[in-house]
>>> print(open('query08.txt').read())   # compact mmCIF, C-alpha atoms
# COMPACT_ATOMS: atom_id res chain seq x y z
CA MET A 1 -7.93 2.86 -54.58
CA ALA A 2 -9.28 3.41 -51.04
CA LEU A 3 -8.81 0.58 -48.54
CA LEU A 4 -12.00 -1.09 -47.19
CA LYS A 5 -14.34 1.50 -48.70
CA MET A 6 -17.97 1.47 -47.53
CA LYS A 7 -21.15 3.42 -48.34
CA PHE A 8 -22.69 5.49 -45.52
CA PRO A 9 -26.19 6.93 -45.97
CA LEU A 10 -27.25 9.54 -43.40
CA GLN A 11 -29.05 7.04 -41.20
CA ARG A 12 -26.04 4.75 -41.18
CA ARG A 13 -23.75 7.64 -40.23
CA VAL A 14 -26.05 8.46 -37.33
CA ARG A 15 -26.03 4.86 -36.11
CA LEU A 16 -22.23 4.73 -36.49
CA ALA A 17 -21.82 7.87 -34.37
CA GLN A 18 -24.19 6.57 -31.70
CA GLY A 19 -22.58 3.13 -31.63
CA LEU A 20 -19.09 4.61 -31.53
CA TRP A 21 -20.08 6.88 -28.61
CA LEU A 22 -21.15 3.82 -26.64
CA LEU A 23 -18.06 1.88 -27.74
CA SER A 24 -15.75 4.72 -26.69
CA TRP A 25 -17.17 4.69 -23.16
CA VAL A 26 -16.74 0.93 -23.00
CA ALA A 27 -13.13 1.57 -24.03
CA VAL A 28 -12.85 4.13 -21.20
CA MET A 29 -13.86 1.36 -18.80
CA CYS A 30 -11.26 -0.90 -20.43
CA GLY A 31 -8.67 1.82 -19.81
CA ALA A 32 -9.70 1.92 -16.15
CA PHE A 33 -9.45 -1.88 -16.08
CA THR A 34 -5.92 -1.70 -17.52
CA PHE A 35 -4.95 0.91 -14.93
CA CYS A 36 -6.30 -1.29 -12.11
CA LEU A 37 -4.40 -4.31 -13.48
CA GLY A 38 -1.19 -2.29 -13.46
CA ILE A 39 -1.79 -1.10 -9.88
CA TYR A 40 -2.56 -4.64 -8.71
CA LEU A 41 0.53 -6.13 -10.37
CA LYS A 42 2.70 -3.26 -9.05
CA THR A 43 1.37 -3.87 -5.52
CA GLU A 44 2.07 -7.59 -5.71
CA LEU A 45 5.63 -6.94 -6.88
CA LEU A 46 6.23 -4.36 -4.15
CA ARG A 47 5.01 -6.84 -1.53
CA ARG A 48 7.98 -9.06 -2.37
CA ALA A 49 10.48 -6.27 -3.06
CA GLU A 50 12.66 -7.40 -0.14
CA VAL A 51 13.37 -10.73 -1.84
CA MET A 52 14.09 -9.20 -5.26
CA ASP A 53 17.54 -8.03 -6.30
CA ASN A 54 16.33 -5.59 -9.01
CA SER A 55 13.11 -4.04 -10.27
CA GLU A 56 13.32 -4.66 -14.03
CA ILE A 57 10.02 -6.55 -14.01
CA HIS A 58 8.31 -3.35 -12.76
CA VAL A 59 8.39 -2.03 -16.34
CA VAL A 60 5.31 -4.19 -17.09
CA PRO A 61 2.96 -2.67 -14.47
CA ASN A 62 4.41 0.79 -15.17
CA ILE A 63 3.40 0.46 -18.84
CA LEU A 64 -0.07 -0.77 -17.88
CA ILE A 65 -0.60 2.15 -15.49
CA LEU A 66 0.60 4.70 -18.08
CA VAL A 67 -1.46 3.18 -20.91
CA GLY A 68 -4.51 2.88 -18.68
CA ILE A 69 -4.47 6.59 -17.82
CA ALA A 70 -3.78 7.60 -21.44
CA SER A 71 -6.50 5.26 -22.73
CA ILE A 72 -9.11 6.87 -20.47
CA GLY A 73 -8.25 10.30 -21.86
CA THR A 74 -8.09 9.29 -25.54
CA ASN A 75 -11.38 7.40 -25.46
CA MET A 76 -13.17 10.23 -23.66
CA PHE A 77 -11.91 12.42 -26.50
CA ALA A 78 -13.36 9.93 -29.02
CA GLY A 79 -16.72 10.05 -27.24
CA ARG A 80 -16.77 13.84 -27.47
CA VAL A 81 -15.97 13.70 -31.20
CA CYS A 82 -18.90 11.32 -31.70
CA GLN A 83 -21.24 13.79 -29.97
CA ASP A 84 -20.17 16.61 -32.28
CA SER A 85 -19.79 14.55 -35.46
CA LEU A 86 -23.37 15.07 -36.69
CA ASP A 87 -23.28 18.83 -36.14
CA PRO A 88 -21.78 20.57 -39.21
CA ALA A 89 -20.84 23.59 -37.09
CA ARG A 90 -18.94 21.71 -34.38
CA PHE A 91 -17.34 18.75 -36.18
CA PRO A 92 -14.73 20.73 -38.25
CA ARG A 93 -12.88 21.85 -35.11
CA TRP A 94 -11.99 18.25 -34.32
CA LYS A 95 -10.69 17.34 -37.79
CA PRO A 96 -7.06 18.51 -37.30
CA LEU A 97 -6.81 16.45 -34.10
CA LEU A 98 -8.10 13.14 -35.44
CA LEU A 99 -4.94 11.93 -37.18
CA PRO A 100 -2.73 12.70 -34.14
CA TRP A 101 -5.36 10.88 -32.04
CA MET A 102 -5.04 7.85 -34.33
CA ALA A 103 -1.27 7.89 -33.87
CA VAL A 104 -1.59 8.07 -30.08
CA ALA A 105 -4.17 5.26 -30.01
CA LEU A 106 -1.94 3.11 -32.20
CA LEU A 107 1.01 3.81 -29.89
CA LEU A 108 -1.08 2.71 -26.89
CA CYS A 109 -1.93 -0.57 -28.62
CA ALA A 110 1.76 -1.10 -29.38
CA LEU A 111 2.65 -0.45 -25.72
CA LEU A 112 0.03 -2.95 -24.57
CA ILE A 113 1.43 -5.58 -26.93
CA ALA A 114 4.92 -4.75 -25.64
CA SER A 115 3.76 -5.23 -22.03
CA VAL A 116 2.42 -8.71 -22.87
CA VAL A 117 5.64 -9.64 -24.67
CA LEU A 118 7.84 -8.23 -21.89
CA SER A 119 5.93 -10.14 -19.22
CA TYR A 120 7.19 -13.36 -20.82
CA CYS A 121 10.59 -12.14 -21.98
CA LEU A 122 11.51 -10.91 -18.48
CA GLN A 123 10.81 -14.27 -16.84
CA GLY A 124 14.54 -15.07 -16.81
CA SER A 125 15.35 -11.67 -15.29
CA LEU A 126 12.65 -12.18 -12.65
CA GLU A 127 14.00 -15.60 -11.77
CA GLU A 128 17.57 -14.30 -11.44
CA SER A 129 16.38 -11.35 -9.34
CA LEU A 130 14.52 -13.70 -7.00
CA LYS A 131 17.49 -16.05 -6.83
CA VAL A 132 19.82 -13.31 -5.58
CA GLY A 133 17.18 -11.63 -3.41
CA LEU A 134 16.14 -14.85 -1.66
CA ARG A 135 19.76 -15.85 -1.14
CA ASN A 136 20.40 -12.53 0.60
CA GLY A 137 17.14 -12.80 2.53
CA ILE A 138 18.12 -16.19 3.92
CA ARG A 139 21.63 -14.93 4.71
CA PHE A 140 20.25 -11.95 6.67
CA TYR A 141 17.47 -13.95 8.34
CA ARG A 142 19.25 -13.83 11.70
CA ASP A 143 19.88 -10.05 11.67
CA THR A 144 16.78 -9.11 13.69
CA ASP A 145 18.74 -6.47 15.62
CA VAL A 146 20.49 -4.89 12.60
CA PRO A 147 18.92 -1.62 11.32
CA GLY A 148 17.41 -2.12 7.88
CA ARG A 149 17.11 -5.89 8.32
CA CYS A 150 14.90 -6.04 11.41
CA PHE A 151 11.92 -7.44 9.51
CA GLN A 152 13.86 -9.81 7.23
CA LYS A 153 13.03 -12.81 9.42
CA GLU A 154 9.33 -12.00 9.45
CA THR A 155 9.34 -11.46 5.67
CA ILE A 156 10.97 -14.83 4.96
CA ASP A 157 8.79 -16.70 7.47
CA ARG A 158 5.57 -15.21 6.06
CA LEU A 159 6.72 -15.91 2.53
CA GLN A 160 7.44 -19.57 3.26
CA MET A 161 4.13 -20.07 5.05
CA GLU A 162 2.01 -18.22 2.46
CA LEU A 163 3.54 -19.88 -0.60
CA ARG A 164 4.18 -23.22 1.15
CA CYS A 165 7.84 -23.25 0.18
CA CYS A 166 11.21 -23.60 1.89
CA GLY A 167 14.58 -22.05 1.08
CA ASN A 168 15.71 -20.67 -2.24
CA ASN A 169 15.86 -23.91 -4.23
CA ASN A 170 14.85 -26.29 -1.40
CA HIS A 171 15.18 -26.73 2.37
CA ARG A 172 18.90 -27.62 2.10
CA ASP A 173 19.69 -23.94 1.46
CA TRP A 174 19.25 -23.38 5.19
CA PHE A 175 22.05 -25.84 5.92
CA GLU A 176 24.57 -23.50 4.22
CA VAL A 177 23.96 -20.37 6.29
CA GLN A 178 23.92 -19.48 9.96
CA TRP A 179 20.29 -18.50 10.39
CA ILE A 180 20.36 -18.34 14.22
CA SER A 181 21.70 -15.09 15.68
CA ASN A 182 24.74 -15.27 17.97
CA ARG A 183 22.74 -13.59 20.72
CA TYR A 184 20.64 -16.76 21.01
CA LEU A 185 23.60 -19.16 21.09
CA ASP A 186 25.11 -20.41 24.31
CA PHE A 187 28.84 -20.26 23.62
CA THR A 188 29.57 -22.05 26.91
CA SER A 189 27.95 -25.15 25.39
CA LYS A 190 30.34 -27.76 24.01
CA GLU A 191 28.05 -28.52 21.06
CA VAL A 192 27.94 -24.86 20.00
CA LYS A 193 31.71 -24.49 20.35
CA ASP A 194 32.36 -27.63 18.33
CA ARG A 195 30.06 -26.53 15.50
CA VAL A 196 31.61 -23.07 15.33
CA ARG A 197 35.19 -24.45 15.38
CA SER A 198 34.41 -27.04 12.73
CA ASN A 199 33.51 -24.29 10.24
CA VAL A 200 36.33 -22.35 8.56
CA ASP A 201 34.28 -19.13 8.65
CA GLY A 202 33.37 -19.57 12.30
CA ARG A 203 29.67 -19.90 11.56
CA TYR A 204 27.15 -21.97 13.47
CA LEU A 205 25.81 -24.29 10.77
CA LEU A 206 23.33 -27.08 11.41
CA ASP A 207 21.09 -29.42 9.46
CA GLY A 208 17.94 -27.62 10.54
CA VAL A 209 15.37 -25.21 9.18
CA PRO A 210 13.09 -22.47 10.60
CA PHE A 211 9.60 -23.39 11.77
CA SER A 212 8.04 -21.76 8.69
CA CYS A 213 9.34 -24.62 6.54
CA CYS A 214 7.14 -27.13 8.37
CA ASN A 215 4.42 -28.72 6.30
CA PRO A 216 1.16 -28.94 8.29
CA SER A 217 0.10 -31.84 6.07
CA SER A 218 2.83 -34.00 7.59
CA PRO A 219 1.42 -36.99 9.52
CA ARG A 220 4.04 -36.57 12.24
CA PRO A 221 5.12 -33.58 14.37
CA CYS A 222 7.44 -31.32 12.45
CA LEU A 223 11.14 -32.14 12.65
CA GLN A 224 13.32 -29.04 12.34
CA GLN A 225 16.67 -30.18 13.73
CA HIS A 226 19.09 -32.98 12.80
CA LEU A 227 17.31 -33.54 9.51
CA LEU A 228 20.21 -35.53 8.03
CA ASP A 229 20.59 -37.81 11.04
CA ASN A 230 18.27 -40.81 10.79
CA LYS A 231 19.25 -41.96 14.28
CA ALA A 232 18.18 -38.69 15.89
CA HIS A 233 14.50 -39.46 15.28
CA PHE A 234 12.45 -42.60 15.66
CA ASN A 235 11.14 -44.21 12.47
CA TYR A 236 12.75 -41.56 10.28
CA GLU A 237 14.51 -41.71 6.91
CA HIS A 238 15.60 -38.31 5.64
CA GLN A 239 15.93 -39.45 2.02
CA SER A 240 12.29 -40.51 1.81
CA GLU A 241 10.62 -38.19 4.34
CA GLU A 242 8.89 -35.86 1.86
CA LEU A 243 5.88 -34.67 3.85
CA ASN A 244 7.66 -33.25 6.88
CA LEU A 245 8.88 -30.04 5.12
CA TYR A 246 7.81 -28.11 2.05
CA ASN A 247 9.60 -29.60 -0.94
CA ARG A 248 9.27 -26.63 -3.28
CA GLY A 249 11.81 -23.79 -3.20
CA CYS A 250 10.50 -20.24 -2.78
CA ARG A 251 12.11 -19.05 -6.02
CA LYS A 252 10.07 -21.49 -8.06
CA ALA A 253 6.97 -20.71 -6.01
CA LEU A 254 7.32 -16.96 -6.64
CA VAL A 255 8.10 -17.38 -10.35
CA ASP A 256 5.05 -19.65 -10.74
CA TYR A 257 2.92 -17.12 -8.84
CA TYR A 258 3.97 -14.11 -10.90
CA MET A 259 3.83 -15.95 -14.22
CA GLY A 260 0.36 -17.14 -13.25
CA LEU A 261 -0.61 -13.50 -12.76
CA MET A 262 0.89 -12.61 -16.15
CA ASN A 263 -1.00 -15.46 -17.85
CA THR A 264 -4.23 -14.24 -16.27
CA ILE A 265 -3.62 -10.61 -17.22
CA GLY A 266 -2.52 -11.44 -20.81
CA PRO A 267 -5.99 -12.33 -22.22
CA GLY A 268 -7.47 -9.25 -20.52
CA ILE A 269 -4.87 -7.00 -22.16
CA LEU A 270 -5.51 -8.57 -25.57
CA SER A 271 -9.24 -7.86 -25.11
CA VAL A 272 -8.44 -4.23 -24.33
CA ILE A 273 -6.28 -4.03 -27.48
CA SER A 274 -9.11 -5.39 -29.64
CA MET A 275 -11.52 -2.86 -28.10
CA GLN A 276 -9.10 0.01 -28.76
CA LEU A 277 -8.62 -1.10 -32.37
CA SER A 278 -12.41 -1.25 -32.81
CA VAL A 279 -12.70 2.35 -31.63
CA MET A 280 -9.89 3.41 -33.98
CA VAL A 281 -11.44 1.74 -37.03
CA SER A 282 -14.94 3.04 -36.26
CA LEU A 283 -13.72 6.59 -35.68
CA ARG A 284 -11.74 6.49 -38.92
CA TYR A 285 -14.87 5.43 -40.84
CA LEU A 286 -16.88 8.17 -39.14
CA GLN A 287 -14.23 10.79 -39.93
CA THR A 288 -13.96 9.94 -43.64
CA ALA A 289 -17.72 9.51 -44.03
CA MET A 290 -18.39 12.94 -42.48
CA GLU A 291 -15.67 14.58 -44.58
CA GLY A 292 -17.19 13.00 -47.67
CA ALA A 293 -20.65 14.29 -46.70
CA GLU A 294 -19.28 17.83 -46.29
CA ALA A 295 -18.02 17.74 -49.89
CA LEU A 296 -21.50 16.91 -51.22
CA GLU A 297 -24.04 19.54 -52.31
CA ASN A 298 -26.59 17.91 -50.02
CA PRO A 299 -24.85 16.76 -46.77
CA GLU A 300 -27.68 14.30 -46.16
CA ASP A 301 -26.83 12.27 -49.27
CA GLU A 302 -24.86 9.03 -49.21
CA SER A 303 -21.11 9.39 -48.64
CA GLU A 304 -18.14 7.04 -48.65
CA GLY A 305 -15.97 6.01 -45.70
CA TYR A 306 -12.64 4.18 -45.78
CA ILE A 307 -9.65 3.26 -43.65
CA LEU A 308 -6.95 4.54 -46.00
CA GLU A 309 -7.44 6.91 -48.90
CA LYS A 310 -5.04 4.79 -50.98
CA GLY A 311 -3.79 1.21 -50.84
CA ILE A 312 -1.39 0.03 -48.15
CA TYR A 313 1.69 0.09 -50.39
CA GLU A 314 0.84 3.52 -51.82
CA THR A 315 0.23 4.94 -48.34
CA VAL A 316 3.51 3.53 -47.01
CA ALA A 317 5.43 4.85 -50.04
CA GLU A 318 3.84 8.28 -49.64
CA ALA A 319 4.63 8.39 -45.92
CA LYS A 320 8.22 7.34 -46.64
CA ALA A 321 8.61 10.02 -49.29
CA THR A 322 7.14 12.67 -46.99
CA THR A 323 9.52 11.67 -44.19
CA LEU A 324 12.56 11.70 -46.47
CA SER A 325 11.63 15.09 -47.91
CA PHE A 326 11.20 16.46 -44.38
CA PHE A 327 14.70 15.35 -43.34
CA LYS A 328 16.14 16.51 -46.67
CA PHE A 329 14.53 19.92 -46.13
CA GLY A 330 16.07 20.08 -42.65
CA THR A 331 19.51 19.21 -44.04
CA VAL A 332 19.29 21.81 -46.84
CA GLU A 333 18.11 24.44 -44.38
CA ALA A 334 21.06 23.70 -42.07
CA GLU A 335 23.54 23.92 -44.98
CA THR A 336 22.01 27.25 -46.08
CA THR A 337 22.38 28.65 -42.57
CA ASP A 338 26.03 27.56 -42.42
CA ALA A 339 26.71 29.17 -45.81
CA GLU A 340 25.10 32.44 -44.68
CA LYS A 341 27.30 32.46 -41.59
CA ALA A 342 30.43 31.76 -43.66
CA ALA A 343 29.71 34.55 -46.19
CA PRO A 344 30.31 37.52 -43.83
CA GLU A 345 33.50 35.94 -42.53
CA SER A 346 34.96 35.59 -46.02
CA GLY A 347 33.97 39.20 -46.81
>>> encode(input="query08.txt", output="structure tokens")
Amino acid sequence: MALLKMKFPLQRRVRLAQGLWLLSWVAVMCGAFTFCLGIYLKTELLRRAEVMDNSEIHVVPNILILVGIASIGTNMFAGRVCQDSLDPARFPRWKPLLLPWMAVALLLCALLIASVVLSYCLQGSLEESLKVGLRNGIRFYRDTDVPGRCFQKETIDRLQMELRCCGNNNHRDWFEVQWISNRYLDFTSKEVKDRVRSNVDGRYLLDGVPFSCCNPSSPRPCLQQHLLDNKAHFNYEHQSEELNLYNRGCRKALVDYYMGLMNTIGPGILSVISMQLSVMVSLRYLQTAMEGAEALENPEDESEGYILEKGIYETVAEAKATTLSFFKFGTVEAETTDAEKAAPESG
């Protein structure tokens, strides 16, 4: 028994073809929208590539870009089929291509669903990538005269100011690295010498942060140095002074930013999937209704359209049997070839 069978008089077939033509062009626009989403997300990820340790998360925008381009092509194809569907002379040439088109469209929907799932599954990978990348970025902050790291300071400063964050986890991450270059340290100064000698690695560590960590909402001028010394500043308590510096770490700020993008993109992708499925279902009805009309003595009579010629279980069983027979045929053919090769040798 056919699945979701419907009656299609001539007038209804005409309206279906016209409506599907319009729907296919809306789906083309959805494909362009998907492509633009992928480009936007890719651009945002590349902007922060210097503070990322790997690019695994780039698989999501890559899928969106690929699916967007493919969706534009497949839905333009569907629009052309709709134009030719009511012409008995031109529609038959499209019939062999419709089932492969259905398979491609279904694959695109599966890829879109995979991109939504991956955007959430890769959150842990994104967070780990940012953790390592930011740690290296802070460590190389001082290397303004080292080739390949000249712009690391500017990148970190802009990041902290734009996202209103400080450090990897918090501002104390700056206490663990020497973020001032040796070229700007006066090694004749007793304070500098003492700090360098007091560190086993010979680094100049201090309880201070770069200017980009300063919170402009602070009611007092920004304090960047001697942050753990309450006596170094008047009316200051470092354990309760929360407004002077950004409290949030840049890793959390970036993860929140990118996951916010994913959450915004997710509903849009689901809408595109529903549109693509609508085109698939409508084109399948149009295909079967037109094929049914061709089998009638009078093509203008009422015909039947359906999604599957048989039930779901019967269709799955038939597809399974066809697949198994195909592989069995390949195996038998290979064995026959081997036997033919062995026959002359034995002779």
>>> atom_distance(input="query08.txt", atom1="atom CA of A:Lys252", atom2="atom CA of A:His171")
12.7 Å
>>> atom_distance(input="query08.txt", atom1="atom CA of A:His233", atom2="atom CA of A:Met161")
24.3 Å
>>> residues_around(input="query08.txt", residues="A:Leu64", least_positions_apart="6", cutoff="9 Å", atoms="only C-alpha atoms", output="PyMOL selection string")
chain A and resi 34-39+111-112+115+269
>>> atom_distance(input="query08.txt", atom1="atom CA of A:Lys190", atom2="atom CA of A:Phe234")
24.7 Å
>>> closest_residue(input="query08.txt", among="A:Thr322, A:Tyr285, A:Glu302, A:Asp87", to="A:Leu4", atoms="only C-alpha atoms")
A:Tyr285
>>> residues_around(input="query08.txt", residues="A:Cys30", least_positions_apart="2", cutoff="8 Å", atoms="all atoms listed in the file", output="list in words")
Val26, Ala27, Val28, Ala32, Phe33, Thr34, Gly68, Val272 and Met275 of chain A
>>> closest_residue(input="query08.txt", among="A:Met102, A:Met290, A:Tyr258, A:Met280", to="A:Leu45", atoms="all atoms listed in the file")
A:Tyr258
>>> closest_residue(input="query08.txt", among="A:Gly19, A:Gly31, A:Pro210, A:Gly249", to="A:Asn75", atoms="all atoms listed in the file")
A:Gly31
>>> residues_around(input="query08.txt", residues="A:Leu20", least_positions_apart="2", cutoff="12 Å", atoms="all atoms listed in the file", output="MDAnalysis selection string")
chainID A and resid 12:18 22:27 75:83 85 275:287
>>> residues_around(input="query08.txt", residues="A:Ser217", least_positions_apart="2", cutoff="10 Å", atoms="all atoms listed in the file", output="count of residues only")
10
>>> residues_near_point(input="query08.txt", point="(15.8, -30.0, 14.8)", cutoff="8 Å", atoms="all atoms listed in the file", output="number ranges by chain")
A: 207-209, 223-227
>>> residues_around(input="query08.txt", residues="stretch 127-140 of chain A", least_positions_apart="2", cutoff="6 Å", atoms="all atoms listed in the file", output="VMD selection string")
chain A and resid 51 to 54 124 to 125 142 to 143 168 251
